[in-house]
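A quick write-up on the structure given underneath.
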Amino acid sequence: MIFTAVFLLSLSALAFEVLLTRVFSISQWNHLSFMVISIALFGFAASGTLLNIIDTRKKGWEKRLSASSPVKIFTILYTVTAITSFIVLNRIPLDYFRLPLEPVQIFYLLTAFLLLSLPFFFTGLVVSLAYAFVPEKTGLVYFASMAGSACGAIIAVPFLPFLGEGRLIILAALIPLIIVPFERTKTVKIHDSTKSASRRKRLAFQASSLGVVLIAGMLVSMGDGAMVKVKPSPYKALSHILQFPDTRVTETVTGIRGEFDSIQSPYIRFAPGLSLKFKGILPNQWAIFKDGDNPFFLYKPQLQKEERFSRFTLPYAGYILAPNPESILLIQNGGGSGIPCAMASGAGKITIVEQQPQIAKIVQRHYNVTMVNKNPRSFLTISDKRFRIIHIENWGSSLPGSDALTQEYLFTAESFSEYLNHLTENGILIIARKLLLPPADSIRLWAVAYESLKSLGFKNPEQHIAVLRNWSTFTLIVSVKPLNDTAALKDFARNMNFDLVYLPNITKKMVNRFNIFDAPYHFLEISRLAEAYQSGTEKSYFETYPLDVAPQSDSRPFPGRFLKWDRLKALYKITGSRFYSLFMSGEIVVAVVFLEALVISIFLLVLPLFIIPKHGQKLYTSHILYFLAVGAGFMFVELFFIKKYIFIFGDPVISFTVVLTGILVFSAFGGYCSQRIGPNGLRYVLIALILVLMFIFFSLDPIVHRILACSKIIRYILAFLILIPSGFLLGLPFPLGMRYLLNHPAQRAYAWTTNGCASVLASIASAQIALSIGIPTIILCAAAAYLLAFLINNTKMNRHK
């Protein structure tokens, strides 16, 4: 029974974790999903700590607690706490952004953390008991745990579109109850009293599980599921628009890629960069919101003259340089105002790339244009077409700073090179973004354009770039031909009351004329950067600027990340000495969660050391370091592939699902095969794993770029195949260490705690490593962790000789 319980609880717990990540991305912000990882793994770790404490009080606990009745009790408690914690999370007024202002938010956050950790605690308790009770079958326990987790990782794919996050969480929480009514306890036939007690116990379990199922059914059905409906954050754009009268959600589509809400409202007005000189009427609009934010707007012009509003928008400045273009490529990631611009330009052919299939279908049906539902980089890799205009529209998050952890490849140096290579000999690249103060995004994109032009052999790259702004947005224009005649852009800016930020041979008198700031901040900084490039001192500029505005590559693609830890004090002063503005940064969240995780990890690891009596089982430092290394190494590899595969699939959710499923499946088979490996085989397993990880570090990039050019189904197949060597080998060190390095149930429980704590810290640290140094560094950290495990094991083996 214990193996069945491990499988079902692992399945349900992983599904619960995946769905909680979706809940946090809707009800809070994406960067708070790190809390879900830490909550889950700490629940697992705490279970090992409890078993260590029990070991000091009672001997033979592993046999008693792994019996049928305790396992059923833990299973019922898992289901009850999973449902309860989700309902509470969905109802309490938890608001991360009010933490500095309202102390009560600390209580809400702590309540959510503790309640959500309970389901994972009971799951970890059963898994840890299995390791302690059947040490000779640790490979089979590992197989059951990983195979169940793999099923849980993928369960959301088929069911989420039909049930939604709330209902699916309830259903997933009920799955482990299967073992309660159908698994019978063994009875002793000698005494009738024993039979009667066993029968009463079985009926009690069945009644309890039935009661839980009935209550869950009531929660799902009450008010058409209102109790389990996930509400978006009040700071997201969807929450704002729903405050207006006569605004309604006409359709909601939920899937693995997110929740898409179609909104009809007479008050939707989206025209970023619209000139105040526009005196007409905007066309009717409706919008599609993804997870409550990142809206995509669709226009319904009733008259031809209503299409002309786009000629008064800032991005249209690029179209002025290419009148009546033969072909236009629009790469959309939110927004939607680029489509009217392309239509108003009189283009011969318009091609739109949209990687979200739900939005792509709606746009194609609405505008009747050529629509490509692909990852933009994949499309550019495959396509050999050239376009007169390439227009990139990506306005970013509605709350600046909250997208610091968002991984996107639209604005890397490699992407810019692709854009330029797909332009005609007189082509124009247009990029429209929000304007930030202090200047950040505009500086970085100018630098990326400059370096991309230079890498492609353009002389005097600064002669090919123009930047214009209004009060809240800016547009970057890159021309294949030098901008020798800028009269058209100057006239457009003057007629529309737009401000010039950068043009070849621009002077200070020409800037900050209409949308007036205290100083022409963006002009001054870009001019300084241009001079730095001319003098070869651009590295010094990037080092001294208070924000991280250096060009980003495919190895570090985080366009919303600008924080410099060594300039935090200067940034604090620049932003008005307000801690609140820094608190909104996703990177600050990572640091806070890491410190929280470190404190709790130390507590969970140190507590058993004080409780275990001196005459008890000794916990060697080498044991602790080995399982810390193995836990961290596993998580580093997993997170590396998740981040790397976003480049292939263009969607973090798809990448997460593919990698998690693949790694867990292949490591499960590794754990199963570990049953046939002797103690001397562990060192060879670790050597093989280190060699595979180093091969990945040096060779994966060119392989990934080749995969990008393949068809969709081939990309999925090859992505799974790449995971086999590392995934299989990852499944060996933990069960082998459990079996051959440890000889007491308490030691195995402590190893389980150590593994969980290391996994938490590594998962959080990997985010900061990717932001600061680059994604490839994560796999080097994994190799270093397994090298430490190898050295520890090798030292121990030599000592035994």
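Labels for the structure tokens follow display order: chains A, B, ..., residues from 1 in each chain, ligands from 1.
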**Request:** Write out as a PyMOL selection string which residues come within 6 Å of range 39-43 of chain A when counting only C-alpha atoms, dropping same-chain ones fewer than 4 positions away.
**Result:** chain A and resi 35+117+120-121+756+760
Restricting it to N, CA and C atoms, dump the selection as a PDB file, in the first residue's frame.
ATOM      1  N   MET A  35       7.227  31.603  -4.379  1.00  0.00           N
ATOM      2  CA  MET A  35       6.694  31.221  -3.077  1.00  0.00           C
ATOM      3  C   MET A  35       6.127  29.812  -3.132  1.00  0.00           C
ATOM      4  N   SER A 117       1.652  24.926   3.018  1.00  0.00           N
ATOM      5  CA  SER A 117       2.725  23.944   3.210  1.00  0.00           C
ATOM      6  C   SER A 117       2.215  22.627   3.798  1.00  0.00           C
ATOM      7  N   PHE A 120       1.811  19.531   1.396  1.00  0.00           N
ATOM      8  CA  PHE A 120       3.122  19.008   1.017  1.00  0.00           C
ATOM      9  C   PHE A 120       3.802  18.337   2.216  1.00  0.00           C
ATOM     10  N   PHE A 121       3.487  18.804   3.409  1.00  0.00           N
ATOM     11  CA  PHE A 121       4.024  18.173   4.615  1.00  0.00           C
ATOM     12  C   PHE A 121       3.526  16.743   4.734  1.00  0.00           C
ATOM     13  N   GLY A 756      15.252  18.450   0.546  1.00  0.00           N
ATOM     14  CA  GLY A 756      14.202  19.438   0.325  1.00  0.00           C
ATOM     15  C   GLY A 756      14.695  20.861   0.503  1.00  0.00           C
ATOM     16  N   VAL A 760      14.939  23.892  -2.422  1.00  0.00           N
ATOM     17  CA  VAL A 760      14.323  25.215  -2.296  1.00  0.00           C
ATOM     18  C   VAL A 760      15.337  26.316  -2.593  1.00  0.00           C
TER      19      VAL A 760
END
**Request:** Check the DSSP output for the backbone and give back, as an NGL selection string, the residues of range 187-282 of chain A in helix (DSSP H, G or I).
**Result:** :A and (192-228 or 237-241)
**Distance query Tyr645 in chain A at most 7 Å, only C-alpha atoms, self and fewer than 4 positions along chain excluded, as number ranges by chain** = A: 641, 649, 655
Export of prior selection with all heavy atoms as an mmCIF file, in the first residue's frame:
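So again_35.cif came out as:
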data_model
loop_
_atom_site.group_PDB
_atom_site.id
_atom_site.type_symbol
_atom_site.label_atom_id
_atom_site.label_comp_id
_atom_site.auth_asym_id
_atom_site.auth_seq_id
_atom_site.Cartn_x
_atom_site.Cartn_y
_atom_site.Cartn_z
ATOM 1 N N PHE A 641 16.945 23.714 -17.732
ATOM 2 C CA PHE A 641 16.215 23.279 -18.917
ATOM 3 C C PHE A 641 14.896 24.034 -19.077
ATOM 4 O O PHE A 641 14.484 24.347 -20.200
ATOM 5 C CB PHE A 641 15.956 21.770 -18.862
ATOM 6 C CG PHE A 641 17.098 20.942 -19.378
ATOM 7 C CD1 PHE A 641 17.855 20.165 -18.520
ATOM 8 C CD2 PHE A 641 17.429 20.958 -20.722
ATOM 9 C CE1 PHE A 641 18.916 19.410 -18.988
ATOM 10 C CE2 PHE A 641 18.489 20.210 -21.210
ATOM 11 C CZ PHE A 641 19.245 19.430 -20.334
ATOM 12 N N PHE A 649 10.154 26.999 -27.193
ATOM 13 C CA PHE A 649 8.688 27.006 -27.248
ATOM 14 C C PHE A 649 8.076 28.399 -27.143
ATOM 15 O O PHE A 649 6.891 28.572 -27.453
ATOM 16 C CB PHE A 649 8.118 26.112 -26.142
ATOM 17 C CG PHE A 649 8.560 24.675 -26.244
ATOM 18 C CD1 PHE A 649 9.417 24.136 -25.309
ATOM 19 C CD2 PHE A 649 8.140 23.876 -27.290
ATOM 20 C CE1 PHE A 649 9.840 22.824 -25.397
ATOM 21 C CE2 PHE A 649 8.553 22.562 -27.395
ATOM 22 C CZ PHE A 649 9.409 22.025 -26.449
ATOM 23 N N SER A 655 7.241 25.269 -21.590
ATOM 24 C CA SER A 655 8.581 24.830 -21.218
ATOM 25 C C SER A 655 8.566 24.125 -19.871
ATOM 26 O O SER A 655 9.166 23.051 -19.701
ATOM 27 C CB SER A 655 9.526 26.040 -21.173
ATOM 28 O OG SER A 655 10.779 25.681 -20.661
#
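With only C-alpha atoms as the atoms that count, the minimum distance from Ala204 in chain A to the choices A:Ser69, A:Pro376, A:Ile83, A:Ala629 is reached by A:Ser69.
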**Message:** Set the distance at 7 Å and use only C-alpha atoms: which residues neighbour Ile431 in chain A once local chain neighbours fewer than 3 positions away are removed? I'd like the list as a VMD selection string.
**Reply:** chain A and resid 391 to 393 475 to 477
Would you kindly return, as a PDB file with all heavy atoms, in the first residue's frame, each protein, DNA or RNA residue with an atom no farther than 6 Å from any atom of range 85-91 of chain A, considering only C-alpha atoms and excluding same-chain residues fewer than 6 positions away?
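Saved the output as result_3.pdb:
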ATOM      1  N   ALA A 112      -1.033  32.125   4.767  1.00  0.00           N
ATOM      2  CA  ALA A 112      -1.041  31.440   3.474  1.00  0.00           C
ATOM      3  C   ALA A 112       0.133  30.473   3.365  1.00  0.00           C
ATOM      4  O   ALA A 112      -0.028  29.330   2.896  1.00  0.00           O
ATOM      5  CB  ALA A 112      -0.992  32.472   2.341  1.00  0.00           C
ATOM      6  N   LEU A 115      -0.485  27.361   5.799  1.00  0.00           N
ATOM      7  CA  LEU A 115      -1.582  26.501   5.351  1.00  0.00           C
ATOM      8  C   LEU A 115      -1.226  25.758   4.068  1.00  0.00           C
ATOM      9  O   LEU A 115      -1.497  24.564   3.930  1.00  0.00           O
ATOM     10  CB  LEU A 115      -2.849  27.336   5.151  1.00  0.00           C
ATOM     11  CG  LEU A 115      -3.609  27.739   6.415  1.00  0.00           C
ATOM     12  CD1 LEU A 115      -4.797  28.630   6.048  1.00  0.00           C
ATOM     13  CD2 LEU A 115      -4.099  26.510   7.172  1.00  0.00           C
ATOM     14  N   LEU A 116      -0.612  26.474   3.112  1.00  0.00           N
ATOM     15  CA  LEU A 116      -0.273  25.841   1.838  1.00  0.00           C
ATOM     16  C   LEU A 116       0.841  24.808   1.983  1.00  0.00           C
ATOM     17  O   LEU A 116       0.961  23.900   1.147  1.00  0.00           O
ATOM     18  CB  LEU A 116       0.137  26.902   0.821  1.00  0.00           C
ATOM     19  CG  LEU A 116      -0.986  27.816   0.320  1.00  0.00           C
ATOM     20  CD1 LEU A 116      -0.422  28.941  -0.534  1.00  0.00           C
ATOM     21  CD2 LEU A 116      -2.023  27.034  -0.464  1.00  0.00           C
TER      22      LEU A 116
END
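The neighbours of Leu329 in chain A here are the residues that come within 9 Å of it, using only C-alpha atoms and leaving out any residue fewer than 6 positions away in the same chain; they are A:Ala342, A:Lys349, A:Ile350, A:Thr351, A:Ile352, A:Val353, A:Arg386, A:Phe387, A:Arg388, A:Ile389, A:Ile390, A:His391, A:Ile392.
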**Prompt:** Taking only C-alpha atoms into account, which of A:Leu140, A:Ile26, A:Cys757, A:Ala440 comes nearest Cys673 in chain A?
**Reply:** A:Leu140
**Request:** Please provide as an MDAnalysis selection string all residues within 12 Å of Thr544 in chain A, with the sequence filter that same-chain residues fewer than 6 positions apart are discarded (counting only C-alpha atoms).
**Result:** chainID A and resid 528:529 532 537:538 550 564 566:567 570
Could those residues be written to a file, using N, CA and C atoms, as a PDB file, in the first residue's frame?
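The result, stored in result.pdb:
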ATOM      1  N   ARG A 528      25.066  60.611 -24.206  1.00  0.00           N
ATOM      2  CA  ARG A 528      26.270  60.173 -23.486  1.00  0.00           C
ATOM      3  C   ARG A 528      26.701  58.785 -23.942  1.00  0.00           C
ATOM      4  N   LEU A 529      25.729  57.903 -24.131  1.00  0.00           N
ATOM      5  CA  LEU A 529      26.049  56.548 -24.572  1.00  0.00           C
ATOM      6  C   LEU A 529      26.633  56.551 -25.976  1.00  0.00           C
ATOM      7  N   ALA A 532      30.077  57.536 -25.740  1.00  0.00           N
ATOM      8  CA  ALA A 532      30.880  56.463 -25.161  1.00  0.00           C
ATOM      9  C   ALA A 532      31.234  55.419 -26.218  1.00  0.00           C
ATOM     10  N   THR A 537      34.353  53.702 -24.799  1.00  0.00           N
ATOM     11  CA  THR A 537      34.226  53.623 -23.338  1.00  0.00           C
ATOM     12  C   THR A 537      32.823  53.194 -22.911  1.00  0.00           C
ATOM     13  N   GLU A 538      32.132  52.449 -23.785  1.00  0.00           N
ATOM     14  CA  GLU A 538      30.755  52.057 -23.469  1.00  0.00           C
ATOM     15  C   GLU A 538      30.680  51.149 -22.241  1.00  0.00           C
ATOM     16  N   ALA A 550      22.759  47.470 -19.925  1.00  0.00           N
ATOM     17  CA  ALA A 550      23.637  46.878 -20.941  1.00  0.00           C
ATOM     18  C   ALA A 550      22.820  45.996 -21.876  1.00  0.00           C
ATOM     19  N   LYS A 564      20.562  46.961 -10.163  1.00  0.00           N
ATOM     20  CA  LYS A 564      21.974  46.697  -9.849  1.00  0.00           C
ATOM     21  C   LYS A 564      22.094  46.666  -8.325  1.00  0.00           C
ATOM     22  N   ASP A 566      24.728  46.562  -6.451  1.00  0.00           N
ATOM     23  CA  ASP A 566      25.755  47.431  -5.887  1.00  0.00           C
ATOM     24  C   ASP A 566      25.405  48.914  -6.002  1.00  0.00           C
ATOM     25  N   ARG A 567      24.323  49.226  -6.737  1.00  0.00           N
ATOM     26  CA  ARG A 567      23.873  50.629  -6.853  1.00  0.00           C
ATOM     27  C   ARG A 567      22.477  50.812  -6.263  1.00  0.00           C
ATOM     28  N   ALA A 570      21.903  54.200  -4.556  1.00  0.00           N
ATOM     29  CA  ALA A 570      21.741  55.299  -5.519  1.00  0.00           C
ATOM     30  C   ALA A 570      20.361  55.251  -6.166  1.00  0.00           C
TER      31      ALA A 570
END
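With only C-alpha atoms as the atoms that count, the residue of A:Leu50, A:Leu563, A:Ala413, A:Ile769 with the shortest distance to Leu453 in chain A is A:Ala413.
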Within 12 Å of range 170-181 of chain A: each range 227-257 of chain A residue with its shortest pair, only C-alpha atoms, as a Markdown table:
| residue | atom | partner | partner_atom | distance |
| --- | --- | --- | --- | --- |
| A:Met227 | CA | A:Ile170 | CA | 11.2 |
| A:Val228 | CA | A:Ile170 | CA | 8.5 |
| A:Lys229 | CA | A:Ile170 | CA | 11.5 |
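Comparing the minimum interatomic distances between Leu598 in chain A and each of A:Ser239, A:Ser759, A:Ala487, A:Trp395, counting only C-alpha atoms, we find that A:Ser759 sits nearest.
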**Message:** Please determine, counting only C-alpha atoms, which residue among A:Val630, A:Val104, A:Ala130, A:Leu718 has the shortest atom-to-atom distance to Arg64 in chain A.
**Reply:** A:Ala130
**Request:** Write down as a PyMOL selection string the residues belonging to range 96-308 of chain A that are assigned strand (DSSP E) by DSSP computed on the backbone.
**Result:** chain A and resi 248-255+258-264+284-290+293-300
**Fill in**
CA of Lys385 in chain A sits from CA of Ile359 in chain A at a separation of 23.8 Å
